[in-house]
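Coordinates as given in protein03.tsv (TSV, N, CA, C and O atoms):
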```tsv
chain	number	residue	atom	x	y	z
A	487	MET	N	68.75	-4.54	-78.90
A	487	MET	CA	68.88	-5.49	-77.80
A	487	MET	C	67.65	-5.39	-76.92
A	487	MET	O	67.24	-4.31	-76.54
A	488	GLU	N	67.06	-6.52	-76.60
A	488	GLU	CA	65.87	-6.55	-75.79
A	488	GLU	C	66.22	-6.50	-74.32
A	488	GLU	O	67.15	-7.15	-73.86
A	489	ARG	N	65.49	-5.70	-73.55
A	489	ARG	CA	65.71	-5.59	-72.12
A	489	ARG	C	64.93	-6.70	-71.43
A	489	ARG	O	63.76	-6.92	-71.70
A	490	LYS	N	65.58	-7.43	-70.53
A	490	LYS	CA	64.96	-8.58	-69.88
A	490	LYS	C	64.12	-8.17	-68.67
A	490	LYS	O	63.00	-8.56	-68.52
A	491	GLU	N	64.70	-7.37	-67.77
A	491	GLU	CA	63.98	-6.91	-66.59
A	491	GLU	C	64.70	-5.73	-65.98
A	491	GLU	O	65.78	-5.35	-66.41
A	492	ASN	N	64.08	-5.13	-64.97
A	492	ASN	CA	64.67	-3.97	-64.32
A	492	ASN	C	65.96	-4.32	-63.59
A	492	ASN	O	66.17	-5.45	-63.17
A	493	ILE	N	66.79	-3.33	-63.43
A	493	ILE	CA	67.99	-3.43	-62.60
A	493	ILE	C	67.54	-3.19	-61.17
A	493	ILE	O	66.85	-2.21	-60.90
A	494	ILE	N	67.89	-4.07	-60.25
A	494	ILE	CA	67.46	-3.92	-58.86
A	494	ILE	C	68.67	-3.65	-57.98
A	494	ILE	O	69.66	-4.38	-58.02
A	495	LEU	N	68.61	-2.56	-57.22
A	495	LEU	CA	69.66	-2.20	-56.26
A	495	LEU	C	69.07	-2.21	-54.87
A	495	LEU	O	68.02	-1.63	-54.63
A	496	THR	N	69.75	-2.87	-53.93
A	496	THR	CA	69.33	-2.87	-52.54
A	496	THR	C	70.00	-1.69	-51.85
A	496	THR	O	71.18	-1.42	-52.06
A	497	VAL	N	69.25	-0.97	-51.03
A	497	VAL	CA	69.74	0.22	-50.36
A	497	VAL	C	70.88	-0.13	-49.42
A	497	VAL	O	70.80	-1.07	-48.64
A	498	HIS	N	71.95	0.64	-49.51
A	498	HIS	CA	73.11	0.51	-48.62
A	498	HIS	C	73.52	1.92	-48.24
A	498	HIS	O	73.76	2.75	-49.11
A	499	LYS	N	73.57	2.20	-46.98
A	499	LYS	CA	73.95	3.53	-46.52
A	499	LYS	C	75.47	3.60	-46.36
A	499	LYS	O	76.04	2.91	-45.52
A	500	PRO	N	76.16	4.41	-47.18
A	500	PRO	CA	77.63	4.52	-47.05
A	500	PRO	C	78.02	5.18	-45.74
A	500	PRO	O	77.26	5.96	-45.17
A	501	LYS	N	79.22	4.85	-45.27
A	501	LYS	CA	79.72	5.41	-44.02
A	501	LYS	C	80.02	6.89	-44.14
A	501	LYS	O	79.85	7.65	-43.23
A	502	SER	N	80.52	7.28	-45.30
A	502	SER	CA	80.81	8.70	-45.52
A	502	SER	C	80.52	9.05	-46.97
A	502	SER	O	80.41	8.18	-47.83
A	503	LYS	N	80.42	10.33	-47.24
A	503	LYS	CA	80.11	10.81	-48.58
A	503	LYS	C	81.18	10.39	-49.59
A	503	LYS	O	80.88	10.17	-50.76
A	504	ASP	N	82.42	10.26	-49.17
A	504	ASP	CA	83.52	9.93	-50.08
A	504	ASP	C	83.52	8.47	-50.53
A	504	ASP	O	84.25	8.12	-51.44
A	505	ASP	N	82.71	7.62	-49.90
A	505	ASP	CA	82.68	6.21	-50.26
A	505	ASP	C	82.25	5.96	-51.70
A	505	ASP	O	82.56	4.94	-52.27
A	506	TRP	N	81.54	6.87	-52.31
A	506	TRP	CA	80.98	6.64	-53.64
A	506	TRP	C	81.74	7.35	-54.75
A	506	TRP	O	81.34	7.33	-55.89
A	507	ARG	N	82.86	7.95	-54.47
A	507	ARG	CA	83.59	8.72	-55.46
A	507	ARG	C	84.28	7.87	-56.53
A	507	ARG	O	84.45	8.28	-57.64
A	508	CYS	N	84.70	6.68	-56.17
A	508	CYS	CA	85.44	5.82	-57.09
A	508	CYS	C	84.88	4.42	-56.98
A	508	CYS	O	84.52	3.97	-55.90
A	509	VAL	N	84.78	3.74	-58.11
A	509	VAL	CA	84.23	2.38	-58.09
A	509	VAL	C	85.17	1.42	-58.79
A	509	VAL	O	85.94	1.80	-59.66
A	510	GLN	N	85.10	0.16	-58.39
A	510	GLN	CA	85.78	-0.92	-59.09
A	510	GLN	C	84.69	-1.73	-59.76
A	510	GLN	O	83.62	-1.94	-59.18
A	511	ILE	N	84.94	-2.18	-60.98
A	511	ILE	CA	83.94	-2.98	-61.68
A	511	ILE	C	84.45	-4.39	-61.85
A	511	ILE	O	85.65	-4.66	-61.80
A	512	SER	N	83.52	-5.29	-62.05
A	512	SER	CA	83.88	-6.70	-62.22
A	512	SER	C	84.58	-6.91	-63.55
A	512	SER	O	84.50	-6.07	-64.45
A	513	ALA	N	85.22	-8.05	-63.70
A	513	ALA	CA	85.89	-8.39	-64.95
A	513	ALA	C	84.87	-8.46	-66.09
A	513	ALA	O	85.14	-8.02	-67.21
A	514	GLU	N	83.68	-8.97	-65.80
A	514	GLU	CA	82.63	-9.07	-66.82
A	514	GLU	C	82.18	-7.68	-67.28
A	514	GLU	O	82.03	-7.43	-68.48
A	515	ALA	N	81.98	-6.78	-66.32
A	515	ALA	CA	81.58	-5.41	-66.65
A	515	ALA	C	82.68	-4.70	-67.43
A	515	ALA	O	82.42	-3.96	-68.38
A	516	ASP	N	83.94	-4.95	-67.06
A	516	ASP	CA	85.06	-4.34	-67.76
A	516	ASP	C	85.13	-4.82	-69.21
A	516	ASP	O	85.39	-4.02	-70.12
A	517	ALA	N	84.85	-6.10	-69.43
A	517	ALA	CA	84.87	-6.63	-70.80
A	517	ALA	C	83.81	-5.96	-71.65
A	517	ALA	O	84.07	-5.58	-72.80
A	518	VAL	N	82.62	-5.77	-71.09
A	518	VAL	CA	81.55	-5.08	-71.82
A	518	VAL	C	81.94	-3.63	-72.08
A	518	VAL	O	81.76	-3.12	-73.19
A	519	LEU	N	82.48	-2.98	-71.08
A	519	LEU	CA	82.90	-1.58	-71.22
A	519	LEU	C	83.96	-1.44	-72.30
A	519	LEU	O	83.89	-0.53	-73.14
A	520	MET	N	84.92	-2.35	-72.34
A	520	MET	CA	85.97	-2.28	-73.36
A	520	MET	C	85.42	-2.55	-74.76
A	520	MET	O	85.87	-1.95	-75.73
A	521	GLN	N	84.42	-3.42	-74.87
A	521	GLN	CA	83.76	-3.64	-76.17
A	521	GLN	C	83.12	-2.34	-76.65
A	521	GLN	O	83.25	-1.98	-77.82
A	522	LEU	N	82.43	-1.66	-75.75
A	522	LEU	CA	81.79	-0.40	-76.10
A	522	LEU	C	82.83	0.66	-76.46
A	522	LEU	O	82.65	1.43	-77.40
A	523	TYR	N	83.92	0.69	-75.71
A	523	TYR	CA	85.00	1.65	-75.97
A	523	TYR	C	85.60	1.41	-77.37
A	523	TYR	O	85.77	2.34	-78.15
A	524	ARG	N	85.90	0.15	-77.68
A	524	ARG	CA	86.49	-0.16	-78.98
A	524	ARG	C	85.52	0.14	-80.12
A	524	ARG	O	85.91	0.60	-81.19
A	525	ALA	N	84.24	-0.10	-79.90
A	525	ALA	CA	83.24	0.12	-80.94
A	525	ALA	C	82.96	1.60	-81.19
A	525	ALA	O	82.66	2.00	-82.31
A	526	THR	N	83.06	2.41	-80.13
A	526	THR	CA	82.68	3.83	-80.26
A	526	THR	C	83.86	4.79	-80.28
A	526	THR	O	83.75	5.88	-80.83
A	527	GLY	N	84.95	4.43	-79.62
A	527	GLY	CA	86.07	5.34	-79.50
A	527	GLY	C	85.83	6.45	-78.48
A	527	GLY	O	86.66	7.34	-78.31
A	528	LEU	N	84.70	6.40	-77.79
A	528	LEU	CA	84.39	7.42	-76.78
A	528	LEU	C	85.22	7.18	-75.53
A	528	LEU	O	85.59	6.05	-75.23
A	529	PRO	N	85.48	8.24	-74.75
A	529	PRO	CA	86.18	8.05	-73.48
A	529	PRO	C	85.37	7.14	-72.55
A	529	PRO	O	84.13	7.20	-72.54
A	530	VAL	N	86.06	6.31	-71.81
A	530	VAL	CA	85.41	5.37	-70.90
A	530	VAL	C	84.51	6.12	-69.92
A	530	VAL	O	83.39	5.68	-69.63
A	531	SER	N	84.96	7.26	-69.42
A	531	SER	CA	84.15	8.03	-68.47
A	531	SER	C	82.82	8.46	-69.09
A	531	SER	O	81.78	8.45	-68.42
A	532	ARG	N	82.83	8.82	-70.36
A	532	ARG	CA	81.59	9.23	-71.03
A	532	ARG	C	80.65	8.03	-71.21
A	532	ARG	O	79.44	8.15	-71.02
A	533	ILE	N	81.20	6.89	-71.59
A	533	ILE	CA	80.38	5.68	-71.76
A	533	ILE	C	79.70	5.32	-70.45
A	533	ILE	O	78.48	5.11	-70.39
A	534	VAL	N	80.49	5.27	-69.38
A	534	VAL	CA	79.94	4.89	-68.07
A	534	VAL	C	78.91	5.92	-67.60
A	534	VAL	O	77.84	5.56	-67.11
A	535	SER	N	79.22	7.20	-67.77
A	535	SER	CA	78.27	8.24	-67.37
A	535	SER	C	76.95	8.10	-68.11
A	535	SER	O	75.87	8.19	-67.50
A	536	GLN	N	77.01	7.88	-69.41
A	536	GLN	CA	75.78	7.73	-70.19
A	536	GLN	C	75.02	6.47	-69.82
A	536	GLN	O	73.78	6.47	-69.80
A	537	MET	N	75.73	5.39	-69.53
A	537	MET	CA	75.06	4.17	-69.10
A	537	MET	C	74.30	4.40	-67.80
A	537	MET	O	73.17	3.92	-67.64
A	538	ILE	N	74.91	5.15	-66.88
A	538	ILE	CA	74.25	5.44	-65.61
A	538	ILE	C	73.04	6.35	-65.83
A	538	ILE	O	71.95	6.07	-65.33
A	539	ILE	N	73.22	7.42	-66.58
A	539	ILE	CA	72.13	8.37	-66.83
A	539	ILE	C	70.98	7.70	-67.56
A	539	ILE	O	69.82	7.80	-67.15
A	540	GLN	N	71.28	6.99	-68.64
A	540	GLN	CA	70.22	6.38	-69.44
A	540	GLN	C	69.62	5.14	-68.78
A	540	GLN	O	68.45	4.83	-69.00
A	541	GLY	N	70.40	4.45	-67.96
A	541	GLY	CA	69.91	3.24	-67.31
A	541	GLY	C	69.16	3.49	-66.02
A	541	GLY	O	68.48	2.60	-65.50
A	542	ALA	N	69.25	4.71	-65.48
A	542	ALA	CA	68.64	5.01	-64.18
A	542	ALA	C	67.14	4.74	-64.16
A	542	ALA	O	66.60	4.29	-63.15
A	543	GLU	N	66.46	4.97	-65.27
A	543	GLU	CA	65.01	4.75	-65.30
A	543	GLU	C	64.64	3.27	-65.19
A	543	GLU	O	63.49	2.94	-64.92
A	544	PHE	N	65.59	2.39	-65.38
A	544	PHE	CA	65.32	0.96	-65.29
A	544	PHE	C	65.72	0.36	-63.95
A	544	PHE	O	65.65	-0.86	-63.76
A	545	VAL	N	66.13	1.19	-63.01
A	545	VAL	CA	66.58	0.73	-61.69
A	545	VAL	C	65.40	0.76	-60.72
A	545	VAL	O	64.67	1.74	-60.65
A	546	GLU	N	65.24	-0.33	-60.00
A	546	GLU	CA	64.22	-0.42	-58.95
A	546	GLU	C	64.94	-0.49	-57.62
A	546	GLU	O	65.81	-1.33	-57.41
A	547	ILE	N	64.62	0.43	-56.71
A	547	ILE	CA	65.26	0.48	-55.39
A	547	ILE	C	64.39	-0.28	-54.40
A	547	ILE	O	63.19	-0.04	-54.31
A	548	VAL	N	65.00	-1.21	-53.64
A	548	VAL	CA	64.28	-1.98	-52.64
A	548	VAL	C	65.00	-1.86	-51.30
A	548	VAL	O	66.23	-1.78	-51.26
A	549	GLU	N	64.24	-1.84	-50.22
A	549	GLU	CA	64.80	-1.82	-48.86
A	549	GLU	C	65.07	-3.25	-48.42
A	549	GLU	O	64.35	-4.17	-48.80
A	550	ASP	N	66.13	-3.42	-47.61
A	550	ASP	CA	66.43	-4.75	-47.02
A	550	ASP	C	65.32	-5.22	-46.13
A	550	ASP	O	64.70	-4.53	-45.44
```

Final structure tokens representation of the file:
Amino acid sequence: MERKENIILTVHKPKSKDDWRCVQISAEADAVLMQLYRATGLPVSRIVSQMIIQGAEFVEIVED
């Protein structure tokens, strides 16, 4: 699969450290995650963790 461009995240300062412990994902992201889960049989937590670890180098951080 060809990568189109970097992932861009805008800086947001959370109110407390606990704000980032749990996330909700969009329906589109969930569909992709379930495709990967069905194809690999890996635990969802492992898939998401690896996506974050391996995708981090493609993230560009920008200030508002």

| request: Can you list, as a PyMOL selection string, all residues belonging to chain A that DSSP tags as strand (DSSP E or B)? | output: chain A and resi 493-496+545-548

| task | In Å, rounded to a single decimal, give me how far CA of Val497 in chain A is from CA of Glu546 in chain A. | result | 10.2 Å

| message | To one decimal place in Å, what is the distance between CA of Lys499 in chain A and atom O of Ile547 in chain A? | response |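 CA of Lys499 in chain A sits 13.8 Å away from atom O of Ile547 in chain A.
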
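Between CA of Val534 in chain A and atom N of Leu522 in chain A there is a distance of 10.4 Å.
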
| request: Identify, on the basis of only C-alpha atoms, every residue whose closest approach to Phe544 in chain A does not exceed 12 Å; exclude the query and any residue fewer than 5 positions from it along the same chain; express the result as a list of chain:residue names. | output: A:Arg489, A:Lys490, A:Glu491, A:Asn492, A:Ile493, A:Ile494, A:Leu495, A:Met537, A:Ile538, A:Ile539

| request: Point out the residue among A:Glu488, A:Ser535, A:Thr496, A:Val509 with the least atom-to-atom distance to Glu549 in chain A, counting only C-alpha atoms. | output: A:Thr496

| request: Write down as a VMD selection string the residues belonging to chain A that are assigned helix (DSSP H, G or I) by DSSP computed on the backbone. | output: chain A and resid 503 to 506 513 to 526 530 to 544

Will you model all heavy atoms for range 535-546 of chain A and pass it back as an mmCIF file, keeping the file's coordinate frame?
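Below you can see out-v9.cif, which holds the result:
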```
data_model
loop_
_atom_site.group_PDB
_atom_site.id
_atom_site.type_symbol
_atom_site.label_atom_id
_atom_site.label_comp_id
_atom_site.auth_asym_id
_atom_site.auth_seq_id
_atom_site.Cartn_x
_atom_site.Cartn_y
_atom_site.Cartn_z
ATOM 1 N N SER A 535 79.220 7.200 -67.770
ATOM 2 C CA SER A 535 78.270 8.240 -67.370
ATOM 3 C C SER A 535 76.950 8.100 -68.110
ATOM 4 O O SER A 535 75.870 8.190 -67.500
ATOM 5 C CB SER A 535 78.870 9.635 -67.625
ATOM 6 O OG SER A 535 79.977 9.851 -66.793
ATOM 7 N N GLN A 536 77.010 7.880 -69.410
ATOM 8 C CA GLN A 536 75.780 7.730 -70.190
ATOM 9 C C GLN A 536 75.020 6.470 -69.820
ATOM 10 O O GLN A 536 73.780 6.470 -69.800
ATOM 11 C CB GLN A 536 76.098 7.756 -71.692
ATOM 12 C CG GLN A 536 76.436 9.132 -72.202
ATOM 13 C CD GLN A 536 75.312 10.124 -71.957
ATOM 14 O OE1 GLN A 536 74.159 9.894 -72.281
ATOM 15 N NE2 GLN A 536 75.649 11.242 -71.339
ATOM 16 N N MET A 537 75.730 5.390 -69.530
ATOM 17 C CA MET A 537 75.060 4.170 -69.100
ATOM 18 C C MET A 537 74.300 4.400 -67.800
ATOM 19 O O MET A 537 73.170 3.920 -67.640
ATOM 20 C CB MET A 537 76.057 3.028 -68.948
ATOM 21 C CG MET A 537 76.627 2.561 -70.272
ATOM 22 S SD MET A 537 77.928 1.347 -70.090
ATOM 23 C CE MET A 537 76.976 -0.088 -69.643
ATOM 24 N N ILE A 538 74.910 5.150 -66.880
ATOM 25 C CA ILE A 538 74.250 5.440 -65.610
ATOM 26 C C ILE A 538 73.040 6.350 -65.830
ATOM 27 O O ILE A 538 71.950 6.070 -65.330
ATOM 28 C CB ILE A 538 75.241 6.074 -64.616
ATOM 29 C CG1 ILE A 538 76.295 5.039 -64.211
ATOM 30 C CG2 ILE A 538 74.510 6.639 -63.396
ATOM 31 C CD1 ILE A 538 77.477 5.609 -63.476
ATOM 32 N N ILE A 539 73.220 7.420 -66.580
ATOM 33 C CA ILE A 539 72.130 8.370 -66.830
ATOM 34 C C ILE A 539 70.980 7.700 -67.560
ATOM 35 O O ILE A 539 69.820 7.800 -67.150
ATOM 36 C CB ILE A 539 72.658 9.581 -67.614
ATOM 37 C CG1 ILE A 539 73.616 10.402 -66.747
ATOM 38 C CG2 ILE A 539 71.504 10.446 -68.125
ATOM 39 C CD1 ILE A 539 74.447 11.406 -67.528
ATOM 40 N N GLN A 540 71.280 6.990 -68.640
ATOM 41 C CA GLN A 540 70.220 6.380 -69.440
ATOM 42 C C GLN A 540 69.620 5.140 -68.780
ATOM 43 O O GLN A 540 68.450 4.830 -69.000
ATOM 44 C CB GLN A 540 70.753 6.037 -70.833
ATOM 45 C CG GLN A 540 71.110 7.276 -71.632
ATOM 46 C CD GLN A 540 71.644 6.952 -73.013
ATOM 47 O OE1 GLN A 540 71.192 6.006 -73.643
ATOM 48 N NE2 GLN A 540 72.603 7.743 -73.466
ATOM 49 N N GLY A 541 70.400 4.450 -67.960
ATOM 50 C CA GLY A 541 69.910 3.240 -67.310
ATOM 51 C C GLY A 541 69.160 3.490 -66.020
ATOM 52 O O GLY A 541 68.480 2.600 -65.500
ATOM 53 N N ALA A 542 69.250 4.710 -65.480
ATOM 54 C CA ALA A 542 68.640 5.010 -64.180
ATOM 55 C C ALA A 542 67.140 4.740 -64.160
ATOM 56 O O ALA A 542 66.600 4.290 -63.150
ATOM 57 C CB ALA A 542 68.914 6.467 -63.796
ATOM 58 N N GLU A 543 66.460 4.970 -65.270
ATOM 59 C CA GLU A 543 65.010 4.750 -65.300
ATOM 60 C C GLU A 543 64.640 3.270 -65.190
ATOM 61 O O GLU A 543 63.490 2.940 -64.920
ATOM 62 C CB GLU A 543 64.395 5.369 -66.550
ATOM 63 C CG GLU A 543 64.770 4.666 -67.828
ATOM 64 C CD GLU A 543 64.193 5.349 -69.053
ATOM 65 O OE1 GLU A 543 64.849 6.271 -69.561
ATOM 66 O OE2 GLU A 543 63.092 4.961 -69.459
ATOM 67 N N PHE A 544 65.590 2.390 -65.380
ATOM 68 C CA PHE A 544 65.320 0.960 -65.290
ATOM 69 C C PHE A 544 65.720 0.360 -63.950
ATOM 70 O O PHE A 544 65.650 -0.860 -63.760
ATOM 71 C CB PHE A 544 66.053 0.197 -66.425
ATOM 72 C CG PHE A 544 65.702 0.716 -67.775
ATOM 73 C CD1 PHE A 544 66.625 1.411 -68.529
ATOM 74 C CD2 PHE A 544 64.433 0.516 -68.295
ATOM 75 C CE1 PHE A 544 66.313 1.899 -69.779
ATOM 76 C CE2 PHE A 544 64.096 0.994 -69.547
ATOM 77 C CZ PHE A 544 65.029 1.695 -70.301
ATOM 78 N N VAL A 545 66.130 1.190 -63.010
ATOM 79 C CA VAL A 545 66.580 0.730 -61.690
ATOM 80 C C VAL A 545 65.400 0.760 -60.720
ATOM 81 O O VAL A 545 64.670 1.740 -60.650
ATOM 82 C CB VAL A 545 67.730 1.611 -61.168
ATOM 83 C CG1 VAL A 545 68.087 1.229 -59.737
ATOM 84 C CG2 VAL A 545 68.940 1.510 -62.064
ATOM 85 N N GLU A 546 65.240 -0.330 -60.000
ATOM 86 C CA GLU A 546 64.220 -0.420 -58.950
ATOM 87 C C GLU A 546 64.940 -0.490 -57.620
ATOM 88 O O GLU A 546 65.810 -1.330 -57.410
ATOM 89 C CB GLU A 546 63.407 -1.691 -59.175
ATOM 90 C CG GLU A 546 62.322 -1.914 -58.167
ATOM 91 C CD GLU A 546 61.562 -3.203 -58.433
ATOM 92 O OE1 GLU A 546 61.609 -3.708 -59.579
ATOM 93 O OE2 GLU A 546 60.935 -3.702 -57.494
#
```
